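Have a look at query-v8.txt below; it lists compact mmCIF, C-alpha atoms and all ligand atoms.
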# COMPACT_ATOMS: atom_id res chain seq x y z
CA ARG Y 1 28.28 -62.57 -3.31
CA GLY Y 2 30.89 -60.91 -1.16
CA THR Y 3 31.65 -57.20 -1.06
CA LEU Y 4 35.04 -55.57 -1.61
CA TYR Y 5 35.80 -52.84 0.96
CA LEU Y 6 38.56 -50.26 0.50
CA VAL Y 7 39.45 -49.37 4.07
CA SER Y 8 41.54 -46.28 4.81
CA THR Y 9 43.99 -46.67 7.68
CA PRO Y 10 46.01 -44.05 9.64
CA ILE Y 11 48.91 -42.19 8.01
CA GLY Y 12 50.66 -41.92 11.37
CA ASN Y 13 48.17 -41.32 14.15
CA LEU Y 14 46.31 -44.45 15.25
CA GLY Y 15 43.47 -42.27 16.52
CA ASP Y 16 42.52 -41.74 12.88
CA LEU Y 17 41.24 -45.28 12.30
CA SER Y 18 37.49 -44.70 12.20
CA PRO Y 19 35.03 -46.73 14.27
CA ARG Y 20 33.45 -47.89 10.99
CA ALA Y 21 36.86 -49.07 9.74
CA VAL Y 22 37.31 -51.08 12.97
CA GLU Y 23 33.83 -52.62 12.60
CA THR Y 24 34.47 -53.50 8.96
CA LEU Y 25 37.86 -55.05 9.69
CA LYS Y 26 36.27 -57.12 12.44
CA HIS Y 27 33.45 -58.42 10.29
CA VAL Y 28 34.99 -59.21 6.91
CA GLN Y 29 36.19 -62.76 6.34
CA VAL Y 30 39.43 -61.71 4.62
CA ILE Y 31 41.79 -58.73 4.91
CA ALA Y 32 44.09 -58.27 1.90
CA ALA Y 33 47.06 -56.26 3.17
CA GLU Y 34 49.94 -54.60 1.35
CA ASP Y 35 52.28 -55.64 4.16
CA THR Y 36 50.82 -58.28 6.47
CA ARG Y 37 53.33 -57.58 9.27
CA GLN Y 38 52.43 -53.89 9.30
CA THR Y 39 48.70 -54.62 9.25
CA ARG Y 40 49.01 -57.26 11.96
CA LYS Y 41 50.32 -54.54 14.29
CA LEU Y 42 47.26 -52.40 13.53
CA LEU Y 43 44.90 -55.35 14.03
CA THR Y 44 46.54 -56.27 17.32
CA HIS Y 45 46.26 -52.69 18.55
CA PHE Y 46 42.52 -52.70 17.86
CA SER Y 47 42.00 -56.30 19.05
CA ILE Y 48 40.80 -57.45 15.64
CA GLU Y 49 41.29 -61.20 15.51
CA GLY Y 50 38.77 -62.94 13.29
CA PRO Y 51 39.60 -62.34 9.62
CA ARG Y 52 42.12 -64.24 7.54
CA LEU Y 53 45.05 -62.01 6.59
CA ILE Y 54 46.43 -62.40 3.08
CA SER Y 55 49.06 -60.48 1.19
CA TYR Y 56 48.14 -58.21 -1.74
CA HIS Y 57 50.85 -55.90 -3.08
CA GLU Y 58 52.35 -54.48 -6.27
CA HIS Y 59 54.30 -57.65 -7.04
CA ASN Y 60 51.64 -60.32 -6.49
CA LYS Y 61 48.54 -58.33 -7.37
CA HIS Y 62 47.81 -60.05 -10.69
CA ARG Y 63 48.11 -63.52 -9.20
CA MET Y 64 46.02 -62.53 -6.18
CA GLU Y 65 43.23 -60.98 -8.26
CA SER Y 66 41.79 -64.33 -9.30
CA GLU Y 67 42.09 -65.69 -5.75
CA ILE Y 68 40.26 -62.69 -4.31
CA LEU Y 69 37.57 -62.92 -7.00
CA GLU Y 70 37.06 -66.55 -6.03
CA MET Y 71 36.64 -65.52 -2.36
CA LEU Y 72 34.05 -62.90 -3.35
CA LYS Y 73 32.28 -65.55 -5.43
CA GLN Y 74 32.13 -67.84 -2.39
CA GLY Y 75 30.41 -65.02 -0.49
CA ASP Y 76 33.38 -63.79 1.55
CA ASP Y 77 33.67 -60.07 2.23
CA VAL Y 78 37.19 -58.83 1.54
CA ALA Y 79 38.80 -55.63 2.90
CA ILE Y 80 41.84 -54.09 1.19
CA VAL Y 81 44.22 -52.15 3.41
CA THR Y 82 47.61 -50.67 2.64
CA ASP Y 83 50.45 -49.60 4.92
CA ALA Y 84 48.95 -46.15 5.34
CA GLY Y 85 46.11 -44.05 4.07
CA THR Y 86 43.64 -44.74 1.32
CA PRO Y 87 44.08 -47.84 -0.84
CA GLY Y 88 44.31 -47.00 -4.52
CA ILE Y 89 46.04 -43.65 -3.94
CA SER Y 90 49.71 -44.28 -4.86
CA ASP Y 91 49.03 -47.70 -3.33
CA PRO Y 92 47.62 -51.02 -4.54
CA GLY Y 93 43.86 -51.37 -4.91
CA GLU Y 94 43.01 -49.77 -8.23
CA ASP Y 95 43.31 -52.94 -10.34
CA LEU Y 96 41.36 -55.05 -7.90
CA VAL Y 97 38.51 -52.55 -7.89
CA ARG Y 98 38.38 -52.71 -11.68
CA VAL Y 99 38.17 -56.51 -11.85
CA ALA Y 100 35.71 -56.73 -8.97
CA ARG Y 101 33.40 -54.23 -10.66
CA LYS Y 102 33.79 -55.89 -14.02
CA ASN Y 103 32.71 -59.17 -12.45
CA GLY Y 104 29.69 -57.60 -10.81
CA TYR Y 105 30.81 -57.58 -7.16
CA PRO Y 106 29.84 -54.62 -4.96
CA VAL Y 107 32.76 -52.31 -4.14
CA THR Y 108 32.57 -49.74 -1.38
CA SER Y 109 34.93 -47.55 0.65
CA ILE Y 110 35.42 -46.85 4.32
CA PRO Y 111 36.85 -43.33 3.95
CA GLY Y 112 39.61 -41.95 6.11
CA PRO Y 113 43.13 -40.52 6.02
CA CYS Y 114 44.78 -39.56 2.75
CA ALA Y 115 48.04 -37.58 2.90
CA ALA Y 116 47.30 -35.71 -0.34
CA ILE Y 117 44.00 -34.30 0.88
CA SER Y 118 45.32 -33.33 4.33
CA ALA Y 119 48.33 -31.61 2.75
CA LEU Y 120 46.10 -29.77 0.27
CA VAL Y 121 43.64 -28.44 2.81
CA ILE Y 122 46.35 -27.05 5.09
CA SER Y 123 48.45 -25.64 2.22
CA GLY Y 124 46.63 -22.32 1.91
CA LEU Y 125 46.66 -22.83 -1.88
CA PRO Y 126 43.44 -23.03 -3.92
CA THR Y 127 41.56 -26.24 -3.16
CA GLY Y 128 38.75 -25.82 -5.69
CA ARG Y 129 40.71 -27.40 -8.50
CA PHE Y 130 43.72 -29.59 -8.03
CA THR Y 131 45.59 -32.38 -9.74
CA PHE Y 132 47.06 -35.26 -7.81
CA ILE Y 133 50.35 -36.29 -9.40
CA GLY Y 134 51.63 -38.65 -6.70
CA PHE Y 135 55.23 -39.78 -7.23
CA LEU Y 136 57.07 -38.33 -10.21
CA PRO Y 137 59.19 -40.74 -12.27
CA ARG Y 138 62.52 -41.56 -10.60
CA GLU Y 139 64.44 -41.17 -13.81
CA LYS Y 140 65.49 -37.54 -14.32
CA LYS Y 141 64.61 -37.19 -17.99
CA ALA Y 142 61.15 -38.69 -17.56
CA ARG Y 143 60.58 -36.58 -14.43
CA ARG Y 144 61.49 -33.37 -16.22
CA GLU Y 145 59.31 -34.28 -19.19
CA GLU Y 146 56.34 -34.81 -16.92
CA LEU Y 147 56.95 -31.49 -15.16
CA ASN Y 148 57.21 -29.72 -18.53
CA ALA Y 149 53.85 -31.19 -19.49
CA LEU Y 150 52.38 -29.78 -16.24
CA ARG Y 151 53.93 -26.33 -16.59
CA LYS Y 152 50.83 -24.49 -17.83
CA ARG Y 153 48.26 -26.25 -15.70
CA PRO Y 154 46.40 -23.59 -13.69
CA GLU Y 155 45.21 -25.84 -10.87
CA THR Y 156 47.06 -26.71 -7.65
CA LEU Y 157 49.42 -29.69 -8.05
CA ILE Y 158 50.01 -32.33 -5.37
CA PHE Y 159 53.18 -34.44 -5.29
CA TYR Y 160 54.31 -37.26 -3.02
CA GLU Y 161 58.05 -37.70 -2.49
CA ALA Y 162 60.45 -39.93 -0.64
CA PRO Y 163 62.95 -38.09 1.61
CA HIS Y 164 66.06 -39.21 -0.31
CA ARG Y 165 64.70 -37.85 -3.59
CA LEU Y 166 63.28 -34.59 -2.23
CA LYS Y 167 66.28 -32.37 -3.05
CA GLU Y 168 66.46 -33.51 -6.68
CA THR Y 169 62.73 -33.17 -7.14
CA ALA Y 170 62.71 -29.69 -5.58
CA LYS Y 171 65.45 -28.58 -8.01
CA ASP Y 172 63.50 -29.85 -11.01
CA LEU Y 173 60.30 -28.25 -9.73
CA SER Y 174 61.92 -24.84 -9.29
CA GLU Y 175 63.78 -24.98 -12.62
CA ILE Y 176 60.71 -26.00 -14.60
CA LEU Y 177 57.80 -24.42 -12.71
CA GLY Y 178 59.65 -21.26 -11.57
CA GLY Y 179 59.31 -19.46 -8.26
CA ARG Y 180 55.77 -20.54 -7.50
CA LYS Y 181 54.35 -20.93 -4.05
CA VAL Y 182 54.79 -24.29 -2.42
CA SER Y 183 53.62 -25.84 0.82
CA VAL Y 184 55.73 -28.68 2.17
CA THR Y 185 54.16 -30.95 4.74
CA ARG Y 186 56.05 -33.60 6.62
CA GLU Y 187 54.93 -36.30 9.03
CA LEU Y 188 51.25 -35.38 8.85
CA THR Y 189 49.23 -36.44 11.90
CA LYS Y 190 52.42 -37.66 13.61
CA ARG Y 191 53.92 -36.25 16.77
CA PHE Y 192 56.11 -33.72 14.97
CA GLU Y 193 54.07 -32.64 12.01
CA GLU Y 194 55.75 -29.81 10.07
CA VAL Y 195 54.42 -27.37 7.53
CA ALA Y 196 56.69 -25.02 5.65
CA PHE Y 197 55.58 -22.49 3.10
CA GLY Y 198 57.36 -20.32 0.60
CA ASP Y 199 58.40 -20.44 -3.04
CA LEU Y 200 60.11 -23.18 -4.97
CA ASN Y 201 63.45 -21.34 -5.18
CA ALA Y 202 63.52 -20.92 -1.43
CA LEU Y 203 62.62 -24.56 -0.98
CA VAL Y 204 65.79 -25.54 -2.84
CA ASP Y 205 67.87 -23.20 -0.63
CA TRP Y 206 66.18 -24.48 2.53
CA LEU Y 207 66.87 -28.08 1.59
CA GLU Y 208 70.60 -27.29 1.22
CA GLU Y 209 70.67 -27.05 4.99
CA GLU Y 210 68.37 -29.99 5.70
CA THR Y 211 68.63 -33.75 5.74
CA PRO Y 212 65.11 -34.72 4.68
CA ARG Y 213 63.62 -37.45 6.85
CA GLY Y 214 60.12 -38.85 7.05
CA GLU Y 215 57.28 -38.56 4.59
CA TYR Y 216 56.61 -35.49 2.49
CA VAL Y 217 53.83 -34.02 0.41
CA LEU Y 218 54.50 -31.00 -1.79
CA VAL Y 219 51.56 -28.84 -2.80
CA VAL Y 220 52.48 -26.44 -5.60
CA GLU Y 221 50.59 -23.44 -6.93
CA GLY Y 222 49.18 -23.77 -10.45
CA PHE Y 223 50.32 -21.66 -13.41
CA GLN Y 224 49.41 -18.00 -12.89
CA GLY Y 225 50.64 -16.63 -16.24
CA GLU Y 226 54.22 -15.92 -17.32
CA LEU Y 227 54.35 -12.41 -15.85
CA GLU Y 228 53.40 -13.34 -12.34
CA THR Y 229 55.84 -16.22 -12.27
CA ASP Y 230 58.70 -14.01 -13.52
CA GLU Y 231 57.94 -11.37 -10.92
CA GLN Y 232 58.58 -13.80 -8.09
CA GLU Y 233 62.33 -13.60 -8.39
CA SER Y 234 63.32 -13.11 -4.82
CA SER Y 235 63.28 -16.16 -2.63
CA TRP Y 236 61.07 -16.24 0.44
CA TRP Y 237 60.45 -18.91 3.01
CA GLU Y 238 57.70 -17.75 5.26
CA CYS Y 239 57.01 -20.15 8.02
CA LEU Y 240 57.76 -23.44 9.56
CA THR Y 241 55.14 -24.53 12.02
CA LEU Y 242 55.44 -27.41 14.36
CA SER Y 243 52.48 -28.96 16.00
CA GLU Y 244 52.53 -31.68 18.55
CA HIS Y 245 49.78 -34.22 18.12
CA VAL Y 246 48.69 -36.45 20.92
N1 LIG O 1 47.76 -44.27 0.19
C1 LIG O 1 48.49 -43.24 0.88
C2 LIG O 1 47.57 -42.04 1.11
O1 LIG O 1 46.35 -42.19 1.03
O2 LIG O 1 48.06 -40.95 1.38
C3 LIG O 1 49.78 -42.88 0.16
C4 LIG O 1 50.76 -44.01 0.08
S1 LIG O 1 52.26 -43.61 -0.74
C5 LIG O 1 52.97 -45.19 -0.93
C6 LIG O 1 53.27 -42.94 0.53
C7 LIG O 1 53.50 -41.45 0.37
O3 LIG O 1 52.39 -40.72 0.89
C8 LIG O 1 54.71 -40.93 1.13
O4 LIG O 1 55.90 -41.05 0.38
C9 LIG O 1 54.34 -39.47 1.34
O5 LIG O 1 54.59 -38.72 0.17
C10 LIG O 1 52.83 -39.57 1.55
N2 LIG O 1 52.52 -39.72 2.98
C11 LIG O 1 52.01 -40.80 3.60
N3 LIG O 1 51.87 -40.57 4.92
C12 LIG O 1 52.30 -39.31 5.14
C13 LIG O 1 52.41 -38.48 6.31
N4 LIG O 1 52.05 -38.91 7.51
N5 LIG O 1 52.88 -37.23 6.14
C14 LIG O 1 53.25 -36.77 4.94
N6 LIG O 1 53.19 -37.51 3.81
C15 LIG O 1 52.71 -38.76 3.91
Take the structure in this file and express it as structure tokens.
Amino acid sequence: RGTLYLVSTPIGNLGDLSPRAVETLKHVQVIAAEDTRQTRKLLTHFSIEGPRLISYHEHNKHRMESEILEMLKQGDDVAIVTDAGTPGISDPGEDLVRVARKNGYPVTSIPGPCAAISALVISGLPTGRFTFIGFLPREKKARREELNALRKRPETLIFYEAPHRLKETAKDLSEILGGRKVSVTRELTKRFEEVAFGDLNALVDWLEEETPRGEYVLVVEGFQGELETDEQESSWWECLTLSEHV
């Protein structure tokens, strides 16, 4: 029986691929990659040559499930990797884990980078309880409905967003969640990582002047009660830090 490994890969900085991830990627028989071209670059960089590289992504995942199960049955170890970060977190992997477990194959993880967790821990917002939302629906009505359903949740909320949808999402967040605190992180672990902090109203104003580029995570304060939210009327945008990673 083969084992299914969920291997986290860097979200920008190649130095974040763990030694255990390298060992695992060298020793499995098969690597199932979201984008084989992207993964080939990573494998080349780390001189990983042995395993067979196959494609496993949102659009072929159901067809590939039975093929991967067959490989596990034959005794092959299979590693899942995505373009960046932890497989299964706003990325393919979840369904494969379910079928592998259902069929009695061991599933394990090689932990590593995850943009949501890095953004949360540097946000300055409470980390004890949080909800990972990932990407909100693209369609405005559905997005606003989801935000309305989250309005009274007291825990910290974590959102992923693509740069070209950031302005729209920020407007919906501020209209529905009010002037809560927000931490915006961009290009985590990359050369020009940025962290900005303020309230949601100020985020909308700030974005008026910006052309969002790169990858963003928004970490938003949970519901603190109507009064506190209403009190935060004035906009503030406290800091924008830049750090240069090697
Ligand atoms: N599986 C990944 C993980 O563990 O973080 C997430 C994949 S999801 C398709 C891509 C989204 O993650 C981006 O749109 C962005 O919101 C976030 N993300 C990934 N890398 C990032 C980075 N270096 N800085 C900020 N956000 C990032």
Please identify all polymer residues within 6 Å of Y:Gly85, counting all atoms listed in the file, omitting same-chain residues fewer than 6 positions from it, and present them as a PyMOL selection string.
-> chain Y and resi 8-11+113-114
Find the residue from Y:Ala84, Y:Val220, Y:Leu203, Y:Ile133 that sits nearest to ligand LIG 1 (chain O); use all atoms listed in the file when measuring.
-> Y:Ala84
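For the choices Y:Pro106, Y:Gly15, Y:Pro163, Y:Pro212, the atom-to-atom distance to ligand LIG 1 (chain O) is smallest for Y:Pro163 when using all atoms listed in the file.
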What does the distance between atom CA of Y:Ser47 and atom CA of Y:Ser118 come to in Å, to one decimal place?
->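 Computing the Euclidean distance for atom CA of Y:Ser47 and atom CA of Y:Ser118 yields 27.5 Å.
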Of the listed residues Y:Arg213, Y:Lys26, Y:His59, Y:Arg186, that which approaches ligand LIG 1 (chain O) most closely, counting all atoms listed in the file | Y:Arg186
Using all atoms listed in the file, find each residue of chain Y with at least one atom at most 7 Å away from an atom of ligand LIG 1 (chain O); report its shortest atom-to-atom pair and that distance in Å (one decimal), sort the rows by chain and rising residue number, and return the result as CSV.
residue,atom,partner,partner_atom,distance
Y:Ile11,CA,O:LIG1,N4,4.6
Y:Gly12,CA,O:LIG1,N4,5.1
Y:Thr82,CA,O:LIG1,N1,6.9
Y:Ala84,CA,O:LIG1,C1,5.3
Y:Gly85,CA,O:LIG1,O1,3.6
Y:Thr86,CA,O:LIG1,O1,3.7
Y:Pro87,CA,O:LIG1,N1,5.2
Y:Gly88,CA,O:LIG1,N1,6.4
Y:Ile89,CA,O:LIG1,N1,4.5
Y:Ser90,CA,O:LIG1,S1,4.9
Y:Asp91,CA,O:LIG1,N1,5.1
Y:Pro113,CA,O:LIG1,O1,6.2
Y:Cys114,CA,O:LIG1,O1,3.5
Y:Ala115,CA,O:LIG1,O2,3.7
Y:Ala116,CA,O:LIG1,O2,5.6
Y:Tyr160,CA,O:LIG1,O5,3.5
Y:Glu161,CA,O:LIG1,O5,4.5
Y:Ala162,CA,O:LIG1,O4,4.8
Y:Thr185,CA,O:LIG1,C14,5.9
Y:Arg186,CA,O:LIG1,C14,4.6
Y:Glu187,CA,O:LIG1,N5,3.7
Y:Leu188,CA,O:LIG1,N5,3.7
Y:Thr189,CA,O:LIG1,N4,5.8
Y:Lys190,CA,O:LIG1,N4,6.2
Y:Glu215,CA,O:LIG1,N6,4.3
Y:Tyr216,CA,O:LIG1,N6,4.2
Y:Val217,CA,O:LIG1,O5,4.8
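Closest approach to Y:Met64 among Y:Ile80, Y:Ile122, Y:Leu218, Y:Leu25 is made by Y:Ile80 (distances from only C-alpha atoms).
Minimum atom-to-atom distances from Y:Glu94, Y:Glu193, Y:Glu208, Y:Glu175 to Y:Asn13 were compared using only C-alpha atoms, and the lowest value belongs to Y:Glu193.
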Atom-to-atom span, atom CA of Y:Ala119 and atom CA of Y:Ile176, Å | 22.0 Å
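Ranking Y:Ala33, Y:Val195, Y:Leu147, Y:Ala79 by their shortest atom-to-atom distance to Y:Gly178, with only C-alpha atoms included, puts Y:Leu147 first.
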Once 3 Å is added on each side, what are the centre and the three edge lengths, in Å to one decimal, of the axis-aligned box enclosing the listed atoms of stretch 27-30 of chain Y? Present them as AutoDock Vina command-line options.
--center_x 36.4 --center_y -60.6 --center_z 7.5 --size_x 12.0 --size_y 10.3 --size_z 11.7
Gap from atom CA of Y:Ser183 to atom CA of Y:Asp16 - Å, one decimal |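 Between these atoms lies a distance of 22.8 Å.
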Need the neighbours of (53.9, -23.2, -8.9): which residues are at most 6 Å away, counting only C-alpha atoms, as number ranges by chain?
-> Y: 177, 180-181, 220-223
Next, the residues of the selection above should be written as a tab-separated table (two decimals), keeping the file's coordinate frame with C-alpha atoms.
chain	number	residue	atom	x	y	z
Y	177	LEU	CA	57.80	-24.42	-12.71
Y	180	ARG	CA	55.77	-20.54	-7.50
Y	181	LYS	CA	54.35	-20.93	-4.05
Y	220	VAL	CA	52.48	-26.44	-5.60
Y	221	GLU	CA	50.59	-23.44	-6.93
Y	222	GLY	CA	49.18	-23.77	-10.45
Y	223	PHE	CA	50.32	-21.66	-13.41
Test item: residues at most 12 Å from stretch 54-58 of chain Y, all atoms listed in the file, excluding those fewer than 5 positions along its chain, as a ChimeraX atom specification = /Y:29-40,63-68,71,78-83,87-88,90-96
Could you give me, as a VMD selection string, the residues that have an atom at most 12 Å away from the point (69.3, -29.7, -8.4) in the coordinates of the file, using all atoms listed in the file?
-> chain Y and resid 140 144 165 to 176 200 to 201 203 to 205 207 to 208
Contacts of Y:Ile48 within 8 Å, all atoms listed in the file, excl. fewer than 2 positions in-chain, as a list in words | Val22, Leu25, Lys26, Leu43, Thr44, His45, Phe46, Gly50 and Pro51 of chain Y
For stretch 205-230 of chain Y, which lacks atoms in the input, supply N, CA and C atoms and format the output as a PDB file, in the frame of the given file.
ATOM      1  N   ASP Y 205      66.870 -23.744  -1.567  1.00  0.00           N
ATOM      2  CA  ASP Y 205      67.870 -23.200  -0.630  1.00  0.00           C
ATOM      3  C   ASP Y 205      67.709 -23.823   0.758  1.00  0.00           C
ATOM      4  N   TRP Y 206      66.467 -23.931   1.201  1.00  0.00           N
ATOM      5  CA  TRP Y 206      66.180 -24.480   2.530  1.00  0.00           C
ATOM      6  C   TRP Y 206      66.691 -25.914   2.638  1.00  0.00           C
ATOM      7  N   LEU Y 207      66.475 -26.673   1.554  1.00  0.00           N
ATOM      8  CA  LEU Y 207      66.870 -28.080   1.590  1.00  0.00           C
ATOM      9  C   LEU Y 207      68.383 -28.268   1.613  1.00  0.00           C
ATOM     10  N   GLU Y 208      69.124 -27.226   1.149  1.00  0.00           N
ATOM     11  CA  GLU Y 208      70.600 -27.290   1.220  1.00  0.00           C
ATOM     12  C   GLU Y 208      71.059 -27.546   2.651  1.00  0.00           C
ATOM     13  N   GLU Y 209      70.296 -26.975   3.572  1.00  0.00           N
ATOM     14  CA  GLU Y 209      70.670 -27.050   4.990  1.00  0.00           C
ATOM     15  C   GLU Y 209      70.055 -28.256   5.717  1.00  0.00           C
ATOM     16  N   GLU Y 210      69.156 -28.941   5.029  1.00  0.00           N
ATOM     17  CA  GLU Y 210      68.370 -29.990   5.700  1.00  0.00           C
ATOM     18  C   GLU Y 210      68.782 -31.385   5.259  1.00  0.00           C
ATOM     19  N   THR Y 211      68.552 -32.352   6.145  1.00  0.00           N
ATOM     20  CA  THR Y 211      68.630 -33.750   5.740  1.00  0.00           C
ATOM     21  C   THR Y 211      67.204 -34.278   5.797  1.00  0.00           C
ATOM     22  N   PRO Y 212      66.530 -34.338   4.625  1.00  0.00           N
ATOM     23  CA  PRO Y 212      65.110 -34.720   4.680  1.00  0.00           C
ATOM     24  C   PRO Y 212      64.909 -36.109   5.287  1.00  0.00           C
ATOM     25  N   ARG Y 213      63.976 -36.180   6.193  1.00  0.00           N
ATOM     26  CA  ARG Y 213      63.620 -37.450   6.850  1.00  0.00           C
ATOM     27  C   ARG Y 213      62.107 -37.506   6.965  1.00  0.00           C
ATOM     28  N   GLY Y 214      61.561 -38.698   6.870  1.00  0.00           N
ATOM     29  CA  GLY Y 214      60.120 -38.850   7.050  1.00  0.00           C
ATOM     30  C   GLY Y 214      59.391 -38.797   5.716  1.00  0.00           C
ATOM     31  N   GLU Y 215      58.109 -38.499   5.795  1.00  0.00           N
ATOM     32  CA  GLU Y 215      57.280 -38.560   4.590  1.00  0.00           C
ATOM     33  C   GLU Y 215      56.807 -37.156   4.229  1.00  0.00           C
ATOM     34  N   TYR Y 216      56.891 -36.860   2.941  1.00  0.00           N
ATOM     35  CA  TYR Y 216      56.610 -35.490   2.490  1.00  0.00           C
ATOM     36  C   TYR Y 216      55.499 -35.438   1.438  1.00  0.00           C
ATOM     37  N   VAL Y 217      54.726 -34.366   1.510  1.00  0.00           N
ATOM     38  CA  VAL Y 217      53.830 -34.020   0.410  1.00  0.00           C
ATOM     39  C   VAL Y 217      54.147 -32.579   0.011  1.00  0.00           C
ATOM     40  N   LEU Y 218      54.286 -32.344  -1.290  1.00  0.00           N
ATOM     41  CA  LEU Y 218      54.500 -31.000  -1.790  1.00  0.00           C
ATOM     42  C   LEU Y 218      53.231 -30.549  -2.511  1.00  0.00           C
ATOM     43  N   VAL Y 219      52.739 -29.380  -2.131  1.00  0.00           N
ATOM     44  CA  VAL Y 219      51.560 -28.840  -2.800  1.00  0.00           C
ATOM     45  C   VAL Y 219      52.017 -27.561  -3.493  1.00  0.00           C
ATOM     46  N   VAL Y 220      51.889 -27.523  -4.807  1.00  0.00           N
ATOM     47  CA  VAL Y 220      52.480 -26.440  -5.600  1.00  0.00           C
ATOM     48  C   VAL Y 220      51.366 -25.661  -6.308  1.00  0.00           C
ATOM     49  N   GLU Y 221      51.535 -24.328  -6.268  1.00  0.00           N
ATOM     50  CA  GLU Y 221      50.590 -23.440  -6.930  1.00  0.00           C
ATOM     51  C   GLU Y 221      50.511 -23.743  -8.439  1.00  0.00           C
ATOM     52  N   GLY Y 222      49.332 -23.602  -9.000  1.00  0.00           N
ATOM     53  CA  GLY Y 222      49.180 -23.770 -10.450  1.00  0.00           C
ATOM     54  C   GLY Y 222      49.766 -22.589 -11.221  1.00  0.00           C
ATOM     55  N   PHE Y 223      49.762 -22.702 -12.526  1.00  0.00           N
ATOM     56  CA  PHE Y 223      50.320 -21.660 -13.410  1.00  0.00           C
ATOM     57  C   PHE Y 223      49.472 -20.389 -13.328  1.00  0.00           C
ATOM     58  N   GLN Y 224      50.147 -19.260 -13.044  1.00  0.00           N
ATOM     59  CA  GLN Y 224      49.410 -18.000 -12.890  1.00  0.00           C
ATOM     60  C   GLN Y 224      49.666 -17.049 -14.049  1.00  0.00           C
ATOM     61  N   GLY Y 225      50.264 -17.522 -15.126  1.00  0.00           N
ATOM     62  CA  GLY Y 225      50.640 -16.630 -16.240  1.00  0.00           C
ATOM     63  C   GLY Y 225      52.120 -16.323 -16.129  1.00  0.00           C
ATOM     64  N   GLU Y 226      52.761 -16.113 -17.289  1.00  0.00           N
ATOM     65  CA  GLU Y 226      54.220 -15.920 -17.320  1.00  0.00           C
ATOM     66  C   GLU Y 226      54.674 -14.754 -16.443  1.00  0.00           C
ATOM     67  N   LEU Y 227      53.915 -13.617 -16.532  1.00  0.00           N
ATOM     68  CA  LEU Y 227      54.350 -12.410 -15.850  1.00  0.00           C
ATOM     69  C   LEU Y 227      54.477 -12.613 -14.347  1.00  0.00           C
ATOM     70  N   GLU Y 228      53.399 -13.171 -13.789  1.00  0.00           N
ATOM     71  CA  GLU Y 228      53.400 -13.340 -12.340  1.00  0.00           C
ATOM     72  C   GLU Y 228      54.524 -14.246 -11.871  1.00  0.00           C
ATOM     73  N   THR Y 229      54.789 -15.292 -12.661  1.00  0.00           N
ATOM     74  CA  THR Y 229      55.840 -16.220 -12.270  1.00  0.00           C
ATOM     75  C   THR Y 229      57.195 -15.522 -12.321  1.00  0.00           C
ATOM     76  N   ASP Y 230      57.411 -14.697 -13.392  1.00  0.00           N
ATOM     77  CA  ASP Y 230      58.700 -14.010 -13.520  1.00  0.00           C
ATOM     78  C   ASP Y 230      58.917 -12.982 -12.420  1.00  0.00           C
TER      79      ASP Y 230
END
